[in-house]
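Chemist: Have a look at this one before I ask anything.
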Amino acid sequence: MISLIVSRERTLLSLRIAARRFINILPAFLIMLVLVSIVLSLVSDEIITRYLGIDNKYIAVLFASVLGSVTIMPGFITFPLAGVLLTKGVPYMVLSAFTTTLMMVGVLTFPIEKAYLGTRVAIIRNGISFLIALIIAFITGIFFGEIFQ
Amino acid sequence: MNMRKVLMIIGLAGYAAFIIASWIFDFNTGKEIGDNFVSFSVEMLKILPCAFILIGLFEAWVKRETVEKQFGEKSGIRGYIWAVLLAGTTVGGLYIAFPVAYSLLNRGAKLSVIFTYIAASAICRVPMTIFEASFLGVKFTVIRLLVSLPLVVLTSILLANYLEKRGYKIAEGK
């Protein structure tokens with residue numbers, strides 16, 4: 001609004017930039033939406049609860065990080081779900097692996113990431129993020145006394 | 001390139017046909033996929049136009065020198081601090097962070113700062129962090145942030161160095 005008052009020309013320019021950028025990336029977003037819609041119907045809350053709740057917590061961490069990587073969930077669904085899992089006795093380190101990979105590793109956002117950063121960088125960045133998530137899970141486990149006891 | 005476009009259109013058409021068929025034949029999994037598609041699209045359409053308009057305003061108003069000074073080669077540690085602060089206010093998640101990051105990169109921000117921004121916008125958006133702390137406890141959130149931020153900055157620098165050595169350039173015109 002302020003922009004419009006100060007300079008009509010620049011505002012129009014910025015809207016043109018916005019429209020062009022948006023249209024250029026639309027195909028990638030479309031692919032992502034298709035992938036998201038399919039994966040979300042495969043990965044239900046029950047599946048998440050089952051795999052994160054298995055007895056061996058190290059294997060649970062692995063399941064959690066893989067599930068977190070291949071799904072997308074808004075925070076207002078993720079954290080209430082994590083809260084429920086916590087009351088069911090799922091360790092903090094498993095939840096940490098799940099929420100961190102959900103946020104940082106994006107298999108489903110890969111088409112978009114690839115369009116902006118290139119395939120190689122997208123793969124490396126996701127790989128690094130996955131490792132960081134595992135490290136965070138490990139350290140969370142130490143601090144909550146879930147490892148070495 | 002054309003081959004890929006054709007494949008993509010065939011894929012999308014197949015997907016649409018599958019959803020429509022699911023509705024006609026009352027196939028539940030297919031209907032659920034269709035519902036997911038619609039609800040996620042609506043969710044993104046609420047955020048995307050605003051995000052791209054902000055990107056447009058940013059590119060039209062902010063001078064290249066300003067970005068270079070705050071996020072560029074000579075920004076030092078300040079660049080990373082800005083990246084994390086900017087990430088804290090980002091909404092949506094990775095799919096919003098990528099176009100913003102691309103825009104910053106085009107305007108002269110350095111690679112390591114950009115990677116920090118992308119990762120930070122995944123892990124320390126302010127509203128999300130508060131939400132997280134309320135469900136999983138402050139201790140959990142503090143550990144996560146204290147462990148992840150240094151790792152993020154460190155790996156961003158390493159990745160940027162590696163890419164710069166190999167002469168990495170971002171794709172044009174997205």
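Scheme for the structure tokens: letters A, B, ... for chains in order shown; per-chain residue numbers from 1; ligand numbers from 1 in order shown.
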Which residues of chain A come within 6 Å of chain B, and what is each one's closest atom pair and distance in Å (one decimal), counting only C-alpha atoms, sorted by chain and residue number, as a Markdown table?

Modeler:
```
| residue | atom | partner | partner_atom | distance |
| --- | --- | --- | --- | --- |
| A:Ser14 | CA | B:Gly56 | CA | 4.2 |
| A:Leu15 | CA | B:Gly56 | CA | 5.8 |
| A:Ile17 | CA | B:Gly56 | CA | 5.1 |
| A:Ala18 | CA | B:Gly56 | CA | 4.5 |
| A:Arg21 | CA | B:Lys174 | CA | 5.8 |
| A:Asn24 | CA | B:Lys174 | CA | 5.6 |
| A:Ser37 | CA | B:Phe37 | CA | 4.8 |
| A:Ile38 | CA | B:Ile33 | CA | 5.4 |
| A:Ser41 | CA | B:Ile33 | CA | 5.8 |
| A:Phe79 | CA | B:Glu132 | CA | 5.8 |
| A:Gly83 | CA | B:Phe135 | CA | 5.2 |
| A:Met103 | CA | B:Ala122 | CA | 5.1 |
| A:Met104 | CA | B:Ala122 | CA | 5.3 |
| A:Leu117 | CA | B:Ile170 | CA | 5.9 |
```

Chemist: With only C-alpha atoms as the atoms that count, which of A:Gly75, A:Gly89, A:Gly68, A:Gly53 lies nearest to Leu134 in chain A?

Modeler: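 Of A:Gly75, A:Gly89, A:Gly68, A:Gly53, the one nearest Leu134 in chain A, counting only C-alpha atoms, is A:Gly68.
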
Chemist: Which one is closest to Ile47 in chain B: B:Trp23, B:Thr90, B:Ala13, B:Ile81? Count only C-alpha atoms.

Modeler: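 Smallest separation from Ile47 in chain B among the options: B:Thr90.
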
Chemist: Mind checking which residues fall within 12 Å of Thr66 in chain B, counting only C-alpha atoms, ignoring those fewer than 5 positions away in the same chain, and posting them as an MDAnalysis selection string?

Modeler: chainID B and resid 58:59 61 71:72 74:75 79 104 107:109

Chemist: Please report, as a PyMOL selection string, each residue of range 12-103 of chain B to which DSSP assigns alpha helix (DSSP H) when run on this structure's backbone.

Modeler: chain B and resi 12-24+28-61+64-71+77-88+94-103

Chemist: Using only C-alpha atoms, find the one residue out of A:Ile54, A:Val70, A:Val61, A:Ile147 that sits nearest to Val107 in chain A.

Modeler: A:Val70

Chemist: Nearest residue to Val43 in chain A out of A:Ala28, A:Met73, A:Met93, A:Ala60, using only C-alpha atoms?

Modeler: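 So, comparing all the options, the nearest one is A:Met73.
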
Chemist: Rounded to one decimal, what separation in Å do you get between CA of Ile20 in chain B and CA of Phe110 in chain A?

Modeler: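 Going from CA of Ile20 in chain B over to CA of Phe110 in chain A covers 26.4 Å.
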
Chemist: Please measure the separation of CA of Ile31 in chain A and CA of Ile10 in chain B, giving the value in Å to one decimal.

Modeler: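 Separating CA of Ile31 in chain A from CA of Ile10 in chain B is a distance of 12.1 Å.
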
Chemist: Excluding same-chain residues fewer than 2 positions from Ala82 in chain A, what lies within 9 Å of it counting only C-alpha atoms, as an mmCIF file with N, CA, C and O atoms, in the first residue's frame?

Modeler:
```
data_model
loop_
_atom_site.group_PDB
_atom_site.id
_atom_site.type_symbol
_atom_site.label_atom_id
_atom_site.label_comp_id
_atom_site.auth_asym_id
_atom_site.auth_seq_id
_atom_site.Cartn_x
_atom_site.Cartn_y
_atom_site.Cartn_z
ATOM 1 N N ILE A 77 -0.751 -29.513 13.101
ATOM 2 C CA ILE A 77 -1.115 -30.930 13.181
ATOM 3 C C ILE A 77 0.026 -31.716 13.830
ATOM 4 O O ILE A 77 -0.192 -32.574 14.681
ATOM 5 N N THR A 78 1.264 -31.386 13.421
ATOM 6 C CA THR A 78 2.430 -32.122 13.898
ATOM 7 C C THR A 78 2.538 -32.142 15.414
ATOM 8 O O THR A 78 2.671 -33.200 16.026
ATOM 9 N N PHE A 79 2.510 -30.959 16.028
ATOM 10 C CA PHE A 79 2.861 -30.898 17.446
ATOM 11 C C PHE A 79 1.777 -31.445 18.368
ATOM 12 O O PHE A 79 2.115 -32.131 19.336
ATOM 13 N N PRO A 80 0.495 -31.201 18.076
ATOM 14 C CA PRO A 80 -0.516 -31.895 18.883
ATOM 15 C C PRO A 80 -0.363 -33.420 18.783
ATOM 16 O O PRO A 80 -0.437 -34.118 19.788
ATOM 17 N N VAL A 84 0.407 -36.073 21.811
ATOM 18 C CA VAL A 84 -0.344 -37.301 22.095
ATOM 19 C C VAL A 84 0.602 -38.492 22.189
ATOM 20 O O VAL A 84 0.524 -39.311 23.115
ATOM 21 N N LEU A 85 1.540 -38.566 21.230
ATOM 22 C CA LEU A 85 2.504 -39.676 21.216
ATOM 23 C C LEU A 85 3.337 -39.687 22.491
ATOM 24 O O LEU A 85 3.649 -40.729 23.051
ATOM 25 N N LEU A 86 3.686 -38.486 22.946
ATOM 26 C CA LEU A 86 4.490 -38.364 24.168
ATOM 27 C C LEU A 86 3.750 -38.970 25.364
ATOM 28 O O LEU A 86 4.326 -39.723 26.150
ATOM 29 N N THR A 87 2.460 -38.676 25.473
ATOM 30 C CA THR A 87 1.689 -39.231 26.589
ATOM 31 C C THR A 87 1.528 -40.749 26.453
ATOM 32 O O THR A 87 1.292 -41.445 27.432
ATOM 33 N N VAL A 90 6.034 -42.504 23.850
ATOM 34 C CA VAL A 90 7.064 -42.436 22.809
ATOM 35 C C VAL A 90 8.201 -41.536 23.302
ATOM 36 O O VAL A 90 7.935 -40.436 23.791
ATOM 37 N N LEU A 95 10.489 -38.471 18.870
ATOM 38 C CA LEU A 95 9.682 -37.317 18.444
ATOM 39 C C LEU A 95 10.566 -36.257 17.808
ATOM 40 O O LEU A 95 10.188 -35.625 16.825
ATOM 41 N N PHE A 98 11.406 -37.224 14.361
ATOM 42 C CA PHE A 98 10.224 -37.059 13.507
ATOM 43 C C PHE A 98 9.977 -35.595 13.160
ATOM 44 O O PHE A 98 9.888 -35.223 11.988
ATOM 45 N N THR A 99 9.900 -34.735 14.177
ATOM 46 C CA THR A 99 9.558 -33.331 13.889
ATOM 47 C C THR A 99 10.678 -32.637 13.113
ATOM 48 O O THR A 99 10.401 -31.837 12.220
ATOM 49 N N GLU B 132 5.553 -25.634 19.425
ATOM 50 C CA GLU B 132 6.311 -26.837 19.771
ATOM 51 C C GLU B 132 6.565 -26.906 21.270
ATOM 52 O O GLU B 132 6.340 -27.931 21.920
ATOM 53 N N PHE B 135 3.663 -27.982 23.403
ATOM 54 C CA PHE B 135 3.260 -29.384 23.367
ATOM 55 C C PHE B 135 4.342 -30.341 23.865
ATOM 56 O O PHE B 135 4.034 -31.382 24.438
ATOM 57 N N LEU B 136 5.595 -29.994 23.623
ATOM 58 C CA LEU B 136 6.675 -30.933 23.962
ATOM 59 C C LEU B 136 7.574 -30.425 25.081
ATOM 60 O O LEU B 136 8.505 -31.099 25.495
#
```
